[in-house]
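Chemist: Got a structure for you, questions after.
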Amino acid sequence: MRKVLFPLNQSIILIALFLLSTIYAPAEEPRPSESQVEAAYLYNFGKFVTWPADRPYSEAFEICILGKDPFGLVLDSTVAGESIGNKKIEVKRLADLQQATSCSILFVSSSEESHLATISDVAQHLSLLTVSTIRHFAERGGTIGLVAQQDRIRFEVNLRAADQCHLVLSSELLKVATRVIEAPSGK
Amino acid sequence: MATRFIRSISTRLTLMNMLVSGIALLLACASFFAYDQLTFRQALVRTLSAQAQIIGSNSISAILFNDPQAASNTLSALRNSGNIASAGILTLDGRPFAQYSREPGNEILNVPAIAPGDLETYSFRSTHLVLVRRIVFEGKPVGLVYLRADLREIDDRLKRYTLIAFSVLLVSLLIAMVASATFRKSVAQPIVQLAETAQIVTRDKDYSVRATPVAERDELAVLVDSFNEMLREIQRRDSALQKAQSELEQRVFERTSELVSANRELEAFSYSVSHDLRGPLDSLNGFTYVLLKQHGTKLDDQTRELIEHIRSSGKRMTDLIDDLLNLSRVTTSMMRAQKVDLAEMARSIIEELCRAEPDRKVEFIAPVVEEAYGDARLLRIVIENLLRNAWKYTSHHEHARIEFGRTTREGKTPYFVKDDGSGFDPRSADRLFKPFQRLHSTAEFPGSGIGLATVRRIIQRHGGDVWAEGAIENGATFYFTLGSPSAGNYSV
């Protein structure tokens with residue numbers, strides 16, 4: 001059973017919706033930047049993914065950034081005051097993969113492209129939802145890869161990777177993914 | 001005429017039946033329609049609300065991850081529910097995010113605003129039902145679902161119901177018409193017949209007709225019976241009245257003819273008696289005259305005086321018989337009406353009287369009066385009688401005064417003859433005009449007692465009236481009127 005555990009914080013969703021709506025009104029309002037959209041996605045993924053029951057490792061719902069931070073203050077302001085599943089959202093910037101033990105979502109900066117295999121191993125071990133803008137991230141063992149497509153940010157999902165990380169992704173999430181890499185049948 | 005009654009009453013009965021059943025049926029249909037419409041609309045709203053809920057929850061991720069295509073896919077599932085004309089997903093501020101339309105072109109029309117605190121709202125337009133529902137995820141609104149269902153189904157339903165209702169109405173009205181035919185037999189027909197009978201009675205005054213009795217014992221039967229009983233009573237009274245009237249007429253006729261014949265006999269008798277009496281009387285008078293003329297010298301004075309008595313008695317009797325004959329003639333003679341100058345007539349009579357007795361000193365006044373209308377011969381008898389009376393009853397006075405003229409009395413304009421003679425006792429005024437009734441002795445004033453009776457008879461024949469006023473030794477006045485000739489009240 002897939003279960004969405006994380007209640008939304010109103011201001012965050014409003015901001016997210018504001019951002020979404022502005023996409024359809026380019027002439028009237030300034031388009032949200034790519035990083036703003038990515039920040040909102042990062043937060044929203046948390047609502048469609050179910051982590052194993054023995055998680056969390058932390059009192060807070062931690063969104064961690066590995067490598068060079070592309071968001072700056074955008075991510076912090078996006079999730080400020082929000083919570084998922086009664087947990088306050090916190091943003092952590094990791095200097096090292098070793099610090100990822102208490103993370104729920106791990107954003108892999110493009111600067112870490114060369115360590116993808118290691119990151120995948122750690123993610124499987126710690127049940128981390130890995131998200132990245134690195135090209136073909138999902139194909140290369142990540143769970144969700146953000147893709148720029150015709151002025152919009154979309155995402156690909158690797159169910160095999162999710163499975164290996166013991167994460168359950170909502171069918172709703174899969175519905176809006178541009179590409180879903182299926183788990184091997186029979187598992 | 002009969003058909004008019006039948007049409008009016010039975011038509012009214014039929015109309016009444018049809019109206020009542022029609023109204024009842026229409027009311028029933030209308031309330032059923034209204035109820036059905038209400039429940040159907042409510043059901044439609046519920047269905048639409050459920051669909052909106054499903055679409056909303058299936059579109060959350062599409063909205064959150066900005067995937068209009070996914071939302072469109074969700075919406076396109078509505079293709080299977082035939083009554084959705086168009087649908088859409090809107091962002092919270094009302095911008096279209098994804099749209100669906102069965103027929104292109106009219107995706108999202110105007111979106112009704114949802115009141116704060118409400119999850120959804122709907123509004124019925126003329127042809128559509130529009131429903132908008134908030135999409136809520138994790139307790140927070142994320143967007144709106146817009147659904148527009150067309151009401152063709154409701155229209156179809158309404159048409160079907162109307163058709164059914166009219167069919168039922170038609171059938172009911174037909175049944176009502178058939179039922180009213182029965183009513184016509186039992187209710188209208190007796191009334192119509194009663195009305196016809198009443199018309200015949202009124203028109204022909206024929207009280208022998210009867211209304212047809214009604215088989216059932218109801219108010220109509222009572223009405224018909226009462227009507228017939230009334231007719232019977234009228235007929236009975238009518239015939240009794242007619243019988244009494246004809247009997248009365250017969251009796252009057254009989255009595256009249258009896259009276260007429262008796263009167264004739266009496267008149268004939270009195271005429272013949274008078275006439276026959278004259279013969280011996282003339283002989284008596286003649287012989288006594290001869291006796292006195294031829295043998296007067298041979299008789300002694302006493303005998304001659306006796307014979308003189310016989311002669312004067314005989315003469316009186318002759319006068320009496322003449323008067324009786326006159327009266328008889330007055331009664332029976334034909335009347336010829338013409339204009340008569342009564343004053344002139346009076347003057348000529350007084351002149352005659354003066355010539356006969358030139359020693360009398362009598363003042364006579366007769367102003368000009370309007371010409372009267374009547375039988376000149378008879379009226380002369382009247383005037384002559386009255387003036388002779390006046391002349392006679394003033395004979396004891398040295399100076400007498402007699403007046404003829406016209407005056408006004410109690411609304412009438414009678415002629416009068418007035419004298420200042422010996423007059424009469426007013427208490428006996430009634431007896432004056434009766435034959436042989438005399439108020440004075442023959443010795444005092446000679447006379448037959450027939451003159452005033454003759455006067456009254458003539459005046460009566462002229463349709464007039466005669467009466468007298470007077471007092472003893474204080475003169476007498478005789479008044480008479482003449483009936484209007486145009487009034488035709490002359491008794492011939």
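Here, A, B, ... name the chains of the structure tokens in the order displayed, residue numbers run from 1 inside each chain, and ligands are numbered from 1 in the same displayed order.
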List the spatial neighbours of Glu156 in chain A as a PyMOL selection string - criterion: any atom at most 8 Å away, only C-alpha atoms, same-chain residues fewer than 5 positions off excluded.

Modeler: chain A and resi 138+144-147+177-181

Chemist: Those residues with C-alpha atoms, as a PDB file, in the first residue's frame please?

Modeler:
```pdb
ATOM      1  CA  ALA A 138      17.370   7.664 -13.866  1.00  0.00           C
ATOM      2  CA  ILE A 144      14.202  10.475 -10.209  1.00  0.00           C
ATOM      3  CA  GLY A 145      15.927  12.437 -12.922  1.00  0.00           C
ATOM      4  CA  LEU A 146      14.813  15.976 -13.677  1.00  0.00           C
ATOM      5  CA  VAL A 147      14.727  16.754 -17.381  1.00  0.00           C
ATOM      6  CA  ALA A 177       6.576  11.089 -15.250  1.00  0.00           C
ATOM      7  CA  THR A 178       7.857  11.449 -18.815  1.00  0.00           C
ATOM      8  CA  ARG A 179       9.490   8.076 -18.614  1.00  0.00           C
ATOM      9  CA  VAL A 180       9.218   5.200 -16.190  1.00  0.00           C
ATOM     10  CA  ILE A 181      11.957   2.589 -16.115  1.00  0.00           C
TER      11      ILE A 181
END
```

Chemist: Which residues come within 12 Å of Ile350 in chain B, counting only C-alpha atoms, excluding same-chain residues fewer than 4 positions away, as an MDAnalysis selection string?

Modeler: chainID B and resid 343:346 354:358 360:366 383:392 401:404

Chemist: I want to know what sits within 6 Å of Ile105 in chain A, based on only C-alpha atoms, with residues of the same chain fewer than 5 positions away left out; could you give that as a PyMOL selection string?

Modeler: chain A and resi 63+128-129

Chemist: Find the residues of chain B in contact range of chain A, meaning any atom within 7 Å when counting only C-alpha atoms, and list them as a ChimeraX atom specification.

Modeler: /B:61-62,65-67,70,91,138,140

Chemist: Can I get the selection written as an mmCIF file, in the first residue's frame, with N, CA and C atoms?

Modeler:
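File written: out-v2.cif
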```cif
data_model
loop_
_atom_site.group_PDB
_atom_site.id
_atom_site.type_symbol
_atom_site.label_atom_id
_atom_site.label_comp_id
_atom_site.auth_asym_id
_atom_site.auth_seq_id
_atom_site.Cartn_x
_atom_site.Cartn_y
_atom_site.Cartn_z
ATOM 1 N N SER B 61 -1.385 15.085 -8.891
ATOM 2 C CA SER B 61 0.030 15.028 -9.259
ATOM 3 C C SER B 61 0.293 15.815 -10.530
ATOM 4 N N ALA B 62 -0.696 15.740 -11.454
ATOM 5 C CA ALA B 62 -0.526 16.485 -12.701
ATOM 6 C C ALA B 62 -0.395 17.968 -12.426
ATOM 7 N N PHE B 65 2.969 18.626 -10.487
ATOM 8 C CA PHE B 65 4.171 18.491 -11.310
ATOM 9 C C PHE B 65 3.976 19.069 -12.696
ATOM 10 N N ASN B 66 2.968 19.980 -12.779
ATOM 11 C CA ASN B 66 2.823 20.785 -13.979
ATOM 12 C C ASN B 66 2.754 19.938 -15.239
ATOM 13 N N ASP B 67 1.852 18.930 -15.228
ATOM 14 C CA ASP B 67 1.744 18.061 -16.389
ATOM 15 C C ASP B 67 0.323 18.135 -16.944
ATOM 16 N N ALA B 70 -1.093 14.940 -18.578
ATOM 17 C CA ALA B 70 -1.636 13.903 -17.701
ATOM 18 C C ALA B 70 -3.050 14.269 -17.272
ATOM 19 N N THR B 91 -6.331 26.082 -12.249
ATOM 20 C CA THR B 91 -5.493 26.396 -11.101
ATOM 21 C C THR B 91 -6.345 27.200 -10.134
ATOM 22 N N GLU B 138 -4.049 16.778 0.826
ATOM 23 C CA GLU B 138 -3.455 16.915 2.165
ATOM 24 C C GLU B 138 -4.067 18.115 2.905
ATOM 25 N N LYS B 140 -5.150 20.825 1.713
ATOM 26 C CA LYS B 140 -4.916 22.135 1.093
ATOM 27 C C LYS B 140 -5.486 22.134 -0.313
#
```

Chemist: Can you measure CA of Cys29 in chain B to CA of Ser10 in chain B for me? One decimal in Å is fine.

Modeler: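 That distance, rounded to one decimal, is 27.7 Å.
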
Chemist: Assign secondary structure with DSSP using the backbone only, and return the residues of range 21-161 of chain A in strand (DSSP E) as a PyMOL selection string.

Modeler: chain A and resi 49-50+61-66+83-84+87-94+105-108+129-132+144-149+152-158

Chemist: Only N, CA and C atoms, please: the residues just picked out, written as an mmCIF file, in the first residue's frame.

Modeler:
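again-v2.cif, written as the output of this step:
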```cif
data_model
loop_
_atom_site.group_PDB
_atom_site.id
_atom_site.type_symbol
_atom_site.label_atom_id
_atom_site.label_comp_id
_atom_site.auth_asym_id
_atom_site.auth_seq_id
_atom_site.Cartn_x
_atom_site.Cartn_y
_atom_site.Cartn_z
ATOM 1 N N VAL A 49 5.924 9.769 -2.212
ATOM 2 C CA VAL A 49 6.839 8.643 -1.994
ATOM 3 C C VAL A 49 6.667 8.135 -0.560
ATOM 4 N N THR A 50 6.658 6.814 -0.437
ATOM 5 C CA THR A 50 6.559 6.216 0.891
ATOM 6 C C THR A 50 7.891 5.554 1.230
ATOM 7 N N PHE A 61 12.211 16.076 8.468
ATOM 8 C CA PHE A 61 12.254 15.538 7.108
ATOM 9 C C PHE A 61 13.339 16.299 6.384
ATOM 10 N N GLU A 62 14.477 15.600 6.154
ATOM 11 C CA GLU A 62 15.636 16.319 5.646
ATOM 12 C C GLU A 62 15.757 16.198 4.145
ATOM 13 N N ILE A 63 15.856 17.349 3.502
ATOM 14 C CA ILE A 63 16.183 17.373 2.076
ATOM 15 C C ILE A 63 17.656 17.786 1.994
ATOM 16 N N CYS A 64 18.467 16.865 1.478
ATOM 17 C CA CYS A 64 19.908 17.116 1.507
ATOM 18 C C CYS A 64 20.433 17.388 0.105
ATOM 19 N N ILE A 65 21.417 18.262 0.063
ATOM 20 C CA ILE A 65 22.028 18.583 -1.238
ATOM 21 C C ILE A 65 23.479 18.126 -1.185
ATOM 22 N N LEU A 66 23.809 17.263 -2.179
ATOM 23 C CA LEU A 66 25.188 16.749 -2.225
ATOM 24 C C LEU A 66 25.904 17.450 -3.373
ATOM 25 N N SER A 83 6.020 21.175 6.299
ATOM 26 C CA SER A 83 6.351 19.877 6.885
ATOM 27 C C SER A 83 5.716 18.784 6.049
ATOM 28 N N ILE A 84 6.297 17.613 6.159
ATOM 29 C CA ILE A 84 5.740 16.441 5.469
ATOM 30 C C ILE A 84 5.585 15.349 6.507
ATOM 31 N N LYS A 87 6.545 16.023 9.994
ATOM 32 C CA LYS A 87 7.958 16.346 10.224
ATOM 33 C C LYS A 87 8.268 17.661 9.562
ATOM 34 N N LYS A 88 8.976 18.461 10.310
ATOM 35 C CA LYS A 88 9.397 19.735 9.751
ATOM 36 C C LYS A 88 10.445 19.499 8.676
ATOM 37 N N ILE A 89 10.350 20.267 7.618
ATOM 38 C CA ILE A 89 11.324 20.076 6.544
ATOM 39 C C ILE A 89 12.575 20.889 6.861
ATOM 40 N N GLU A 90 13.664 20.241 6.695
ATOM 41 C CA GLU A 90 14.942 20.961 6.875
ATOM 42 C C GLU A 90 15.803 20.735 5.636
ATOM 43 N N VAL A 91 16.528 21.730 5.303
ATOM 44 C CA VAL A 91 17.443 21.603 4.155
ATOM 45 C C VAL A 91 18.870 21.465 4.719
ATOM 46 N N LYS A 92 19.555 20.403 4.237
ATOM 47 C CA LYS A 92 20.953 20.205 4.697
ATOM 48 C C LYS A 92 21.878 20.151 3.492
ATOM 49 N N ARG A 93 22.966 20.788 3.607
ATOM 50 C CA ARG A 93 23.958 20.729 2.522
ATOM 51 C C ARG A 93 25.103 19.839 2.996
ATOM 52 N N LEU A 94 25.312 18.755 2.248
ATOM 53 C CA LEU A 94 26.282 17.760 2.709
ATOM 54 C C LEU A 94 27.650 18.032 2.084
ATOM 55 N N ILE A 105 15.405 12.830 1.249
ATOM 56 C CA ILE A 105 15.628 13.085 -0.168
ATOM 57 C C ILE A 105 17.065 13.565 -0.342
ATOM 58 N N LEU A 106 17.707 13.001 -1.368
ATOM 59 C CA LEU A 106 19.085 13.417 -1.636
ATOM 60 C C LEU A 106 19.156 13.993 -3.028
ATOM 61 N N PHE A 107 19.386 15.327 -3.075
ATOM 62 C CA PHE A 107 19.579 15.948 -4.386
ATOM 63 C C PHE A 107 21.049 15.864 -4.744
ATOM 64 N N VAL A 108 21.320 15.232 -5.895
ATOM 65 C CA VAL A 108 22.716 15.045 -6.318
ATOM 66 C C VAL A 108 23.055 16.148 -7.309
ATOM 67 N N LEU A 129 15.744 8.882 -1.384
ATOM 68 C CA LEU A 129 15.177 9.197 -2.694
ATOM 69 C C LEU A 129 16.160 10.109 -3.391
ATOM 70 N N THR A 130 16.807 9.581 -4.440
ATOM 71 C CA THR A 130 17.812 10.392 -5.113
ATOM 72 C C THR A 130 17.178 11.141 -6.272
ATOM 73 N N VAL A 131 17.468 12.412 -6.318
ATOM 74 C CA VAL A 131 16.949 13.279 -7.386
ATOM 75 C C VAL A 131 18.127 14.065 -7.943
ATOM 76 N N SER A 132 18.119 14.218 -9.307
ATOM 77 C CA SER A 132 19.240 14.971 -9.865
ATOM 78 C C SER A 132 18.886 15.520 -11.231
ATOM 79 N N ILE A 144 14.931 9.478 -9.415
ATOM 80 C CA ILE A 144 14.202 10.475 -10.209
ATOM 81 C C ILE A 144 15.199 11.412 -10.870
ATOM 82 N N GLY A 145 15.063 11.516 -12.203
ATOM 83 C CA GLY A 145 15.927 12.437 -12.922
ATOM 84 C C GLY A 145 15.119 13.576 -13.499
ATOM 85 N N LEU A 146 15.527 14.812 -13.153
ATOM 86 C CA LEU A 146 14.813 15.976 -13.677
ATOM 87 C C LEU A 146 15.297 16.271 -15.078
ATOM 88 N N VAL A 147 14.387 16.549 -15.984
ATOM 89 C CA VAL A 147 14.727 16.754 -17.381
ATOM 90 C C VAL A 147 14.090 18.057 -17.848
ATOM 91 N N ALA A 148 14.868 18.891 -18.540
ATOM 92 C CA ALA A 148 14.279 20.092 -19.131
ATOM 93 C C ALA A 148 13.681 19.706 -20.473
ATOM 94 N N GLN A 149 12.442 20.011 -20.671
ATOM 95 C CA GLN A 149 11.771 19.573 -21.903
ATOM 96 C C GLN A 149 10.826 20.689 -22.359
ATOM 97 N N ARG A 152 9.980 23.332 -20.059
ATOM 98 C CA ARG A 152 9.416 22.889 -18.787
ATOM 99 C C ARG A 152 10.319 21.851 -18.147
ATOM 100 N N ILE A 153 10.146 21.778 -16.868
ATOM 101 C CA ILE A 153 10.915 20.785 -16.136
ATOM 102 C C ILE A 153 10.046 19.551 -15.974
ATOM 103 N N ARG A 154 10.534 18.403 -16.483
ATOM 104 C CA ARG A 154 9.807 17.138 -16.302
ATOM 105 C C ARG A 154 10.720 16.184 -15.556
ATOM 106 N N PHE A 155 10.224 14.973 -15.344
ATOM 107 C CA PHE A 155 11.117 14.036 -14.638
ATOM 108 C C PHE A 155 10.909 12.616 -15.119
ATOM 109 N N GLU A 156 12.015 11.827 -14.984
ATOM 110 C CA GLU A 156 11.962 10.403 -15.309
ATOM 111 C C GLU A 156 12.080 9.630 -14.012
ATOM 112 N N VAL A 157 11.482 8.425 -14.004
ATOM 113 C CA VAL A 157 11.491 7.644 -12.769
ATOM 114 C C VAL A 157 12.110 6.280 -13.066
ATOM 115 N N ASN A 158 12.977 5.860 -12.216
ATOM 116 C CA ASN A 158 13.529 4.506 -12.319
ATOM 117 C C ASN A 158 12.979 3.686 -11.174
#
```

Chemist: Can you measure CA of Arg160 in chain B to CA of Ser81 in chain B for me? One decimal in Å is fine.

Modeler: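 Between CA of Arg160 in chain B and CA of Ser81 in chain B the gap is 21.7 Å.
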